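Just below is one structure, and these are the notes that go with it.
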Amino acid sequence: MGANLQKRMDKAMASLIKSFFGSPIFTWWNTTTFGTRLFTSRKGQKVGTDDQGNEYYREKNGHRRWVIYKNGPIEASRVPAEWHGWLHYTVDELPSEQKVAVKDWEKEHQENLTGTAVAYAPAVPRKSEPEYEAWRP
């Protein structure tokens with residue numbers, strides 16, 4: 001077998017292993033896992049959806065609450081404040097059942113973009129000389 005063919009086969013095997021172990025069966029950070037979907041279908045009761053399309057569930061006996069994210073990474077900052085309060089048992093009423101007073105100074109909810117390609121990065125001025133002088137004993 002030629003070296004080129006062996007390299008291609010190794011790449012194909014590595015890709016297959018990566019896609020298999022990167023699937024929702026084994027990972028939770030990209031999408032909902034198979035176990036969460038199974039638990040949700042058996043014991044979950046859908047109670048609402050936010051403006052981003054995230055779905056909120058509670059256990060039929062009322063003990064647990066959770067969110068299924070619509071698209072993108074599993075990131076807690078994607079949950080709006082009113083749903084965050086419900087998820088963490090701060091309030092018992094669903095956001096759809098309560099009147100949430102919105103102040104005129106409040107902005108729309110935005111997820112935390114730190115660590116992503118679109119994160120804010122201030123312009124760094126370029127100087128030829130350092131802004132400090134190193135200490136010398």
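Residue numbers start at 1 in each chain; chains themselves are named A, B, ... in the order of the structure tokens; ligands are numbered from 1 in the order shown.
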Find the residues near Arg65 in chain A: any atom within 8 Å, counting only C-alpha atoms, skip ones fewer than 5 places away on the same chain, and give them as a PDB file with C-alpha atoms, in the first residue's frame.
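See around_18.pdb below for the written result:
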ATOM      1  CA  TYR A  56     -38.077  25.618  28.601  1.00  0.00           C
ATOM      2  CA  TYR A  57     -39.265  22.481  30.348  1.00  0.00           C
ATOM      3  CA  ARG A  58     -40.171  21.277  33.787  1.00  0.00           C
ATOM      4  CA  GLU A  59     -40.480  17.754  35.035  1.00  0.00           C
ATOM      5  CA  LEU A  87     -34.933  28.252  35.910  1.00  0.00           C
TER       6      LEU A  87
END
Using DSSP on the backbone, list every residue of chain A that comes out as strand (DSSP E or B), and give them as a short mmCIF file (atom, residue, chain, number, x, y, z; two decimals) with N, CA and C atoms, in the first residue's frame.
data_model
loop_
_atom_site.label_atom_id
_atom_site.label_comp_id
_atom_site.auth_asym_id
_atom_site.auth_seq_id
_atom_site.Cartn_x
_atom_site.Cartn_y
_atom_site.Cartn_z
N GLY A 44 -40.52 15.34 30.52
CA GLY A 44 -40.61 16.79 30.43
C GLY A 44 -41.94 17.31 29.97
N GLN A 45 -42.25 18.50 30.45
CA GLN A 45 -43.47 19.21 30.04
C GLN A 45 -43.02 20.58 29.56
N LYS A 46 -43.23 20.88 28.30
CA LYS A 46 -42.82 22.17 27.75
C LYS A 46 -43.68 23.27 28.34
N VAL A 47 -43.01 24.32 28.84
CA VAL A 47 -43.75 25.41 29.47
C VAL A 47 -43.60 26.73 28.74
N GLY A 48 -42.65 26.82 27.81
CA GLY A 48 -42.52 28.08 27.09
C GLY A 48 -41.30 28.13 26.19
N THR A 49 -41.26 29.22 25.42
CA THR A 49 -40.17 29.49 24.50
C THR A 49 -39.82 30.96 24.60
N GLU A 55 -36.27 26.50 24.26
CA GLU A 55 -37.47 25.91 24.86
C GLU A 55 -37.22 25.57 26.32
N TYR A 56 -38.19 25.84 27.16
CA TYR A 56 -38.08 25.62 28.60
C TYR A 56 -39.03 24.52 29.03
N TYR A 57 -38.52 23.65 29.89
CA TYR A 57 -39.27 22.48 30.35
C TYR A 57 -39.22 22.38 31.86
N ARG A 58 -40.21 21.69 32.39
CA ARG A 58 -40.17 21.28 33.79
C ARG A 58 -40.60 19.82 33.83
N GLU A 59 -40.11 19.14 34.85
CA GLU A 59 -40.48 17.75 35.04
C GLU A 59 -41.97 17.70 35.35
N ARG A 65 -36.23 21.87 36.39
CA ARG A 65 -36.47 22.80 35.30
C ARG A 65 -35.22 22.85 34.44
N TRP A 66 -35.39 22.96 33.12
CA TRP A 66 -34.23 23.02 32.24
C TRP A 66 -34.59 23.70 30.93
N VAL A 67 -33.53 24.01 30.17
CA VAL A 67 -33.68 24.68 28.88
C VAL A 67 -33.04 23.82 27.80
N ILE A 68 -33.67 23.80 26.63
CA ILE A 68 -33.11 23.18 25.43
C ILE A 68 -32.82 24.34 24.48
#
- Tell me, which residues of range 3-113 of chain A carry DSSP helix (DSSP H, G or I), written as a PyMOL selection string? chain A and resi 3-21+34-43+76-78+81-87
Output N, CA and C atoms for every residue in the selection just made, as a compact mmCIF listing (two decimals), in the first residue's frame.
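See result-v2.txt below for the written result:
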# COMPACT_ATOMS: atom_id res chain seq x y z
N ALA A 3 2.24 5.15 0.50
CA ALA A 3 2.24 6.07 1.64
C ALA A 3 1.10 7.08 1.53
N ASN A 4 0.80 7.50 0.30
CA ASN A 4 -0.29 8.47 0.09
C ASN A 4 -1.63 7.88 0.48
N LEU A 5 -1.86 6.65 0.07
CA LEU A 5 -3.11 5.97 0.40
C LEU A 5 -3.24 5.77 1.90
N GLN A 6 -2.13 5.41 2.54
CA GLN A 6 -2.14 5.21 3.99
C GLN A 6 -2.48 6.52 4.72
N LYS A 7 -1.92 7.64 4.27
CA LYS A 7 -2.21 8.94 4.89
C LYS A 7 -3.69 9.29 4.75
N ARG A 8 -4.25 9.04 3.57
CA ARG A 8 -5.67 9.33 3.36
C ARG A 8 -6.56 8.45 4.22
N MET A 9 -6.18 7.20 4.36
CA MET A 9 -6.96 6.29 5.21
C MET A 9 -6.86 6.71 6.69
N ASP A 10 -5.67 7.13 7.12
CA ASP A 10 -5.50 7.61 8.49
C ASP A 10 -6.34 8.85 8.75
N LYS A 11 -6.35 9.77 7.77
CA LYS A 11 -7.16 10.98 7.90
C LYS A 11 -8.65 10.64 7.97
N ALA A 12 -9.08 9.71 7.11
CA ALA A 12 -10.49 9.30 7.09
C ALA A 12 -10.88 8.65 8.42
N MET A 13 -10.00 7.81 8.96
CA MET A 13 -10.28 7.15 10.24
C MET A 13 -10.33 8.19 11.37
N ALA A 14 -9.40 9.14 11.36
CA ALA A 14 -9.39 10.18 12.39
C ALA A 14 -10.67 11.02 12.31
N SER A 15 -11.10 11.33 11.09
CA SER A 15 -12.33 12.10 10.90
C SER A 15 -13.55 11.33 11.39
N LEU A 16 -13.58 10.03 11.11
CA LEU A 16 -14.68 9.19 11.55
C LEU A 16 -14.74 9.12 13.08
N ILE A 17 -13.59 8.93 13.70
CA ILE A 17 -13.54 8.87 15.17
C ILE A 17 -13.96 10.20 15.77
N LYS A 18 -13.47 11.30 15.20
CA LYS A 18 -13.82 12.64 15.70
C LYS A 18 -15.32 12.90 15.58
N SER A 19 -15.91 12.54 14.43
CA SER A 19 -17.34 12.77 14.25
C SER A 19 -18.17 11.87 15.15
N PHE A 20 -17.69 10.64 15.40
CA PHE A 20 -18.43 9.72 16.26
C PHE A 20 -18.40 10.21 17.70
N PHE A 21 -17.21 10.54 18.22
CA PHE A 21 -17.11 10.98 19.60
C PHE A 21 -17.53 12.43 19.78
N PHE A 34 -28.31 12.95 23.50
CA PHE A 34 -29.35 11.96 23.31
C PHE A 34 -30.08 11.69 24.63
N GLY A 35 -29.33 11.60 25.73
CA GLY A 35 -29.93 11.35 27.04
C GLY A 35 -30.88 12.45 27.46
N THR A 36 -30.50 13.71 27.19
CA THR A 36 -31.38 14.83 27.53
C THR A 36 -32.65 14.79 26.69
N ARG A 37 -32.50 14.48 25.42
CA ARG A 37 -33.69 14.37 24.56
C ARG A 37 -34.63 13.26 25.03
N LEU A 38 -34.04 12.13 25.40
CA LEU A 38 -34.85 11.00 25.88
C LEU A 38 -35.56 11.37 27.18
N PHE A 39 -34.83 11.96 28.13
CA PHE A 39 -35.42 12.37 29.40
C PHE A 39 -36.53 13.40 29.17
N THR A 40 -36.27 14.36 28.28
CA THR A 40 -37.26 15.39 27.99
C THR A 40 -38.52 14.79 27.38
N SER A 41 -38.37 13.85 26.47
CA SER A 41 -39.55 13.25 25.83
C SER A 41 -40.36 12.41 26.81
N ARG A 42 -39.69 11.79 27.78
CA ARG A 42 -40.39 10.92 28.73
C ARG A 42 -40.97 11.67 29.92
N LYS A 43 -40.20 12.61 30.47
CA LYS A 43 -40.61 13.23 31.74
C LYS A 43 -40.83 14.73 31.66
N ALA A 76 -24.94 29.49 29.02
CA ALA A 76 -25.92 29.99 29.98
C ALA A 76 -26.28 31.47 29.75
N SER A 77 -25.37 32.25 29.20
CA SER A 77 -25.67 33.66 28.99
C SER A 77 -26.69 33.87 27.87
N ARG A 78 -27.09 32.81 27.19
CA ARG A 78 -28.12 32.91 26.16
C ARG A 78 -29.53 32.89 26.75
N ALA A 81 -33.06 37.19 31.27
CA ALA A 81 -33.19 37.36 32.73
C ALA A 81 -34.48 36.77 33.29
N GLU A 82 -35.60 36.99 32.61
CA GLU A 82 -36.86 36.50 33.15
C GLU A 82 -36.91 34.97 33.20
N TRP A 83 -36.32 34.33 32.19
CA TRP A 83 -36.27 32.87 32.20
C TRP A 83 -35.21 32.37 33.17
N HIS A 84 -34.14 33.10 33.35
CA HIS A 84 -33.10 32.73 34.31
C HIS A 84 -33.70 32.65 35.71
N GLY A 85 -34.52 33.63 36.05
CA GLY A 85 -35.18 33.63 37.36
C GLY A 85 -36.07 32.41 37.54
N TRP A 86 -36.78 32.03 36.50
CA TRP A 86 -37.65 30.86 36.60
C TRP A 86 -36.82 29.58 36.70
N LEU A 87 -35.77 29.45 35.89
CA LEU A 87 -34.93 28.25 35.91
C LEU A 87 -34.29 28.01 37.27
- Rank A:Gly72, A:Thr32, A:His63, A:Pro80 by their smallest atom-to-atom distance to Gln110 in chain A, using only C-alpha atoms, and report the top residue only. A:Pro80
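For Gly53 in chain A, the residues within 8 Å (counting only C-alpha atoms, excluding itself and residues fewer than 3 positions away along the chain) are A:Thr49, A:Asp50, A:Tyr69, A:Lys70.
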Go ahead and save the picked residues with N, CA and C atoms, as a JSON list (two decimals), in the first residue's frame.
[["chain", "number", "residue", "atom", "x", "y", "z"],
["A", 49, "THR", "N", -41.26, 29.22, 25.42],
["A", 49, "THR", "CA", -40.17, 29.49, 24.50],
["A", 49, "THR", "C", -39.82, 30.96, 24.60],
["A", 50, "ASP", "N", -38.52, 31.27, 24.55],
["A", 50, "ASP", "CA", -38.12, 32.69, 24.60],
["A", 50, "ASP", "C", -38.00, 33.24, 23.18],
["A", 69, "TYR", "N", -31.53, 24.58, 24.19],
["A", 69, "TYR", "CA", -31.14, 25.69, 23.33],
["A", 69, "TYR", "C", -31.47, 25.38, 21.89],
["A", 70, "LYS", "N", -31.95, 26.39, 21.16],
["A", 70, "LYS", "CA", -32.36, 26.18, 19.78],
["A", 70, "LYS", "C", -31.16, 25.90, 18.88]]
- Message: Let me make sure I understand: among A:Ala101, A:Val79, A:Pro73, A:Thr33, which one has the smallest atom-to-atom distance to Thr116 in chain A if we use only C-alpha atoms?
- Response: A:Pro73
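Taking CA of Arg64 in chain A and CA of His109 in chain A as the two end points, the separation is 24.5 Å.
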